[in-house]
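Okay, my_file07.cif is below, mmCIF, C-alpha atoms:
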data_input
#
loop_
_atom_site.group_PDB
_atom_site.id
_atom_site.type_symbol
_atom_site.label_atom_id
_atom_site.label_comp_id
_atom_site.auth_asym_id
_atom_site.auth_seq_id
_atom_site.Cartn_x
_atom_site.Cartn_y
_atom_site.Cartn_z
ATOM 1 C CA MET A 1 82.001 108.089 5.043
ATOM 2 C CA LYS A 2 83.791 104.859 4.131
ATOM 3 C CA SER A 3 81.904 101.637 3.723
ATOM 4 C CA LEU A 4 82.881 98.295 5.222
ATOM 5 C CA LYS A 5 82.245 95.698 2.528
ATOM 6 C CA PHE A 6 82.410 91.943 2.909
ATOM 7 C CA ASN A 7 80.532 88.810 1.891
ATOM 8 C CA GLU A 8 77.927 87.978 4.541
ATOM 9 C CA GLY A 9 76.860 84.765 2.839
ATOM 10 C CA LEU A 10 73.256 85.974 2.642
ATOM 11 C CA GLU A 11 71.009 84.361 0.068
ATOM 12 C CA SER A 12 67.539 85.400 -1.009
ATOM 13 C CA PHE A 13 64.593 83.021 -0.919
ATOM 14 C CA MET A 14 61.254 83.674 -2.580
ATOM 15 C CA VAL A 15 58.318 82.370 -0.566
ATOM 16 C CA ASN A 16 56.172 80.108 -2.765
ATOM 17 C CA ASP A 17 57.546 81.712 -5.963
ATOM 18 C CA ASP A 18 56.066 85.108 -5.012
ATOM 19 C CA PRO A 19 58.576 87.855 -5.948
ATOM 20 C CA GLY A 20 56.883 90.160 -3.438
ATOM 21 C CA ARG A 21 57.703 87.787 -0.583
ATOM 22 C CA VAL A 22 61.473 87.468 -0.238
ATOM 23 C CA ILE A 23 63.524 86.693 2.846
ATOM 24 C CA TYR A 24 67.290 86.857 3.217
ATOM 25 C CA PHE A 25 69.467 84.668 5.385
ATOM 26 C CA ASN A 26 72.629 82.612 5.332
ATOM 27 C CA PRO A 27 71.452 78.986 5.128
ATOM 28 C CA ALA A 28 74.884 77.795 6.296
ATOM 29 C CA ASP A 29 74.792 79.882 9.482
ATOM 30 C CA PRO A 30 75.195 77.187 12.151
ATOM 31 C CA GLU A 31 73.401 79.310 14.728
ATOM 32 C CA ILE A 32 70.247 79.922 12.691
ATOM 33 C CA ILE A 33 69.480 76.220 12.317
ATOM 34 C CA ASN A 34 70.025 75.740 16.055
ATOM 35 C CA ARG A 35 67.631 78.609 16.751
ATOM 36 C CA LEU A 36 65.048 77.059 14.394
ATOM 37 C CA LEU A 37 65.363 73.603 15.932
ATOM 38 C CA ASN A 38 65.086 75.067 19.436
ATOM 39 C CA MET A 39 62.102 77.143 18.327
ATOM 40 C CA LYS A 40 60.369 74.058 16.900
ATOM 41 C CA LYS A 41 60.978 72.131 20.136
ATOM 42 C CA SER A 42 59.707 75.008 22.273
ATOM 43 C CA PHE A 43 56.440 75.072 20.321
ATOM 44 C CA GLN A 44 55.967 71.343 20.866
ATOM 45 C CA ASP A 45 56.157 72.019 24.615
ATOM 46 C CA TYR A 46 54.134 75.264 24.518
ATOM 47 C CA LYS A 47 51.713 75.837 27.393
ATOM 48 C CA LEU A 48 49.042 78.499 27.693
ATOM 49 C CA THR A 49 49.356 81.129 30.353
ATOM 50 C CA GLU A 50 46.826 80.779 33.138
ATOM 51 C CA ASP A 51 45.160 84.145 32.529
ATOM 52 C CA ILE A 52 43.912 82.995 29.101
ATOM 53 C CA GLU A 53 40.872 81.490 30.879
ATOM 54 C CA LEU A 54 39.617 84.836 32.219
ATOM 55 C CA ASN A 55 38.345 88.084 30.770
ATOM 56 C CA PRO A 56 39.932 91.328 32.039
ATOM 57 C CA ASP A 57 37.003 91.670 34.460
ATOM 58 C CA GLY A 58 37.771 88.223 35.945
ATOM 59 C CA SER A 59 34.785 86.448 34.412
ATOM 60 C CA PRO A 60 35.458 83.101 32.725
ATOM 61 C CA LYS A 61 35.796 83.086 28.941
ATOM 62 C CA ASP A 62 33.600 80.874 26.803
ATOM 63 C CA GLU A 63 35.231 78.324 24.473
ATOM 64 C CA ILE A 64 35.303 80.671 21.455
ATOM 65 C CA GLU A 65 36.939 83.436 23.510
ATOM 66 C CA LYS A 66 39.492 80.976 24.924
ATOM 67 C CA GLY A 67 40.284 79.696 21.439
ATOM 68 C CA GLY A 68 40.701 83.214 20.088
ATOM 69 C CA ALA A 69 42.909 84.228 23.003
ATOM 70 C CA TYR A 70 45.039 81.107 22.541
ATOM 71 C CA VAL A 71 45.524 81.790 18.811
ATOM 72 C CA ALA A 72 46.392 85.452 19.441
ATOM 73 C CA GLU A 73 48.879 84.620 22.211
ATOM 74 C CA PHE A 74 50.480 81.803 20.228
ATOM 75 C CA ALA A 75 50.772 83.974 17.087
ATOM 76 C CA ASN A 76 52.526 86.706 19.102
ATOM 77 C CA VAL A 77 54.943 84.195 20.616
ATOM 78 C CA MET A 78 55.552 82.701 17.166
ATOM 79 C CA ARG A 79 56.093 86.132 15.565
ATOM 80 C CA LYS A 80 58.780 86.925 18.133
ATOM 81 C CA ALA A 81 60.412 83.503 17.790
ATOM 82 C CA PHE A 82 60.608 83.616 13.968
ATOM 83 C CA ASN A 83 61.871 87.191 13.921
ATOM 84 C CA ASP A 84 64.428 86.427 16.640
ATOM 85 C CA ALA A 85 65.655 83.286 14.860
ATOM 86 C CA PHE A 86 66.393 85.289 11.708
ATOM 87 C CA ASN A 87 67.325 88.589 13.373
ATOM 88 C CA ALA A 88 64.863 90.230 10.978
ATOM 89 C CA ASP A 89 61.143 90.918 10.586
ATOM 90 C CA ILE A 90 60.295 87.889 8.426
ATOM 91 C CA PHE A 91 57.092 86.656 10.069
ATOM 92 C CA ASP A 92 54.736 88.758 7.952
ATOM 93 C CA VAL A 93 56.613 87.934 4.744
ATOM 94 C CA ILE A 94 56.475 84.193 5.369
ATOM 95 C CA PHE A 95 52.982 83.860 6.836
ATOM 96 C CA ASN A 96 51.432 86.482 4.550
ATOM 97 C CA GLY A 97 48.642 87.385 6.966
ATOM 98 C CA GLN A 98 47.724 83.796 7.790
ATOM 99 C CA SER A 99 47.649 82.352 11.265
ATOM 100 C CA PRO A 100 50.549 80.019 12.062
ATOM 101 C CA LEU A 101 47.861 77.665 13.336
ATOM 102 C CA CYS A 102 46.184 77.203 9.931
ATOM 103 C CA ILE A 103 46.016 73.537 9.049
ATOM 104 C CA VAL A 104 47.567 72.805 5.653
ATOM 105 C CA GLY A 105 48.367 69.690 3.637
ATOM 106 C CA SER A 106 46.441 66.826 2.180
ATOM 107 C CA ARG A 107 44.273 64.358 4.042
ATOM 108 C CA GLY A 108 46.318 62.305 6.461
ATOM 109 C CA LYS A 109 49.342 64.613 6.107
ATOM 110 C CA GLU A 110 47.940 67.730 7.707
ATOM 111 C CA LYS A 111 50.249 70.052 9.595
ATOM 112 C CA TYR A 112 50.009 73.443 11.140
ATOM 113 C CA LEU A 113 51.302 76.126 8.782
ATOM 114 C CA PHE A 114 54.166 76.961 11.163
ATOM 115 C CA GLU A 115 55.284 73.298 11.062
ATOM 116 C CA GLU A 116 55.203 73.261 7.268
ATOM 117 C CA ILE A 117 57.262 76.463 7.138
ATOM 118 C CA THR A 118 59.763 75.301 9.753
ATOM 119 C CA ASP A 119 60.248 71.968 7.968
ATOM 120 C CA ALA A 120 60.773 73.765 4.631
ATOM 121 C CA LEU A 121 63.332 76.132 6.189
ATOM 122 C CA ILE A 122 65.228 73.250 7.787
ATOM 123 C CA GLY A 123 65.136 71.437 4.428
ATOM 124 C CA ILE A 124 66.839 74.428 2.783
ATOM 125 C CA MET A 125 69.388 74.749 5.558
ATOM 126 C CA ARG A 126 70.345 71.119 6.160
ATOM 127 C CA PRO A 127 72.472 70.678 2.969
ATOM 128 C CA ALA A 128 74.099 74.081 3.473
ATOM 129 C CA ILE A 129 74.915 73.273 7.107
ATOM 130 C CA GLU A 130 76.341 69.876 6.117
ATOM 131 C CA ALA A 131 78.568 71.550 3.498
ATOM 132 C CA TYR A 132 79.559 74.181 6.081
ATOM 133 C CA ASN A 133 80.518 71.468 8.567
ATOM 134 C CA ARG A 134 82.772 69.742 6.011
ATOM 135 C CA LYS A 135 84.484 73.028 5.097
ATOM 136 C CA SER A 136 84.743 74.104 8.725
ATOM 137 C CA GLU A 137 86.348 70.829 9.752
ATOM 138 C CA LYS A 138 89.055 71.292 7.089
ATOM 139 C CA LYS A 139 89.679 74.894 8.180
ATOM 140 C CA MET A 140 89.727 73.958 11.870
ATOM 141 C CA ASN A 141 92.207 71.141 11.186
ATOM 142 C CA LYS A 142 94.480 73.744 9.600
ATOM 143 C CA TYR A 143 94.456 75.775 12.822
ATOM 144 C CA LEU A 144 94.298 72.893 15.294
ATOM 145 C CA GLY A 145 96.546 70.429 13.470
ATOM 146 C CA ASP A 146 99.523 71.114 15.697
ATOM 147 C CA ILE A 147 97.594 70.898 18.969
#
Spit out the file's structure as structure tokens when you get a sec.
Amino acid sequence: MKSLKFNEGLESFMVNDDPGRVIYFNPADPEIINRLLNMKKSFQDYKLTEDIELNPDGSPKDEIEKGGAYVAEFANVMRKAFNDAFNADIFDVIFNGQSPLCIVGSRGKEKYLFEEITDALIGIMRPAIEAYNRKSEKKMNKYLGDI
């Protein structure tokens, strides 16, 4: 069988300098940053489903049960969103078994872990996307210059 070979632009990124936690993506992919920004916005507007308040038997959940159900539901939604944004199973590599709702950071600058990760990913991508846009504009002008 012949192999189709080409440069995909993928780069590898070690998570917190851990060689066992590596993700691959093209930081200049204009769609991936859009998917991340949309994902971040969707989490800001996230609402619980109504059935989170009830046990399977219909009885009301206590506050600890509601909190646990919320975290589980949100983590599942977040897992799907991260994996979909990167078209790969990266959630476990990035979060390393932690809840996306862990609070991290120093006093006064606390964030949820998923916010910290999303901000770090956007920080990696922003310069690559800006460089891509400059290169793309030059290439597009070549093709659209006569129009």
ask   = Mind telling me what the PyMOL selection byres ((chain A and resi 35) around 12) catches here, as a ChimeraX atom specification?
value = /A:29-34,36-42,81-87,118,121-122,125
Closest-contact table, range 11-45 of chain A side, partner range 93-107 of chain A, 8 Å, counting only C-alpha atoms, as CSV:
residue,atom,partner,partner_atom,distance
A:Val15,CA,A:Ile94,CA,6.5
A:Arg21,CA,A:Val93,CA,5.4
A:Val22,CA,A:Val93,CA,7.0
A:Ile23,CA,A:Val93,CA,7.3
Using only C-alpha atoms, please write the residues we just selected to a file, as a PDB file, in the frame of the given file.
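Now in result-v7.pdb:
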ATOM      1  CA  VAL A  15      58.318  82.370  -0.566  1.00  0.00           C
ATOM      2  CA  ARG A  21      57.703  87.787  -0.583  1.00  0.00           C
ATOM      3  CA  VAL A  22      61.473  87.468  -0.238  1.00  0.00           C
ATOM      4  CA  ILE A  23      63.524  86.693   2.846  1.00  0.00           C
TER       5      ILE A  23
END
inquiry  = I need the residue nearest Ala131 in chain A from this list: A:Asn7, A:Pro27, A:Asp18, A:Gly67. Use all atoms listed in the file for the distance.
reply    = A:Pro27
key: Å distance separating CA of Ala72 in chain A from CA of Phe43 in chain A, one decimal place   =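 Computed distance, CA of Ala72 in chain A to CA of Phe43 in chain A, equals 14.5 Å.
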key: Nearest to Glu115 in chain A, chosen from A:Val71, A:Ile90, A:Met14, A:Met78, with only C-alpha atoms counted in the distances   =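 Smallest separation from Glu115 in chain A among the options: A:Met78.
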request  = Tell me which of A:Ile64, A:Ala88, A:Ile124, A:Leu144 sits closest to Ala28 in chain A, counting only C-alpha atoms.
outcome  =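 Ranked by minimum distance to Ala28 in chain A, first place goes to A:Ile124.
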request  = Between CA of Asn26 in chain A and CA of Ala128 in chain A, measure the distance and give it in Å to one decimal.
outcome  = 8.9 Å
ask   = So how far away is CA of Asp62 in chain A from CA of Ala75 in chain A, in Å?
value =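 Distance reported for this atom pair: 20.0 Å.
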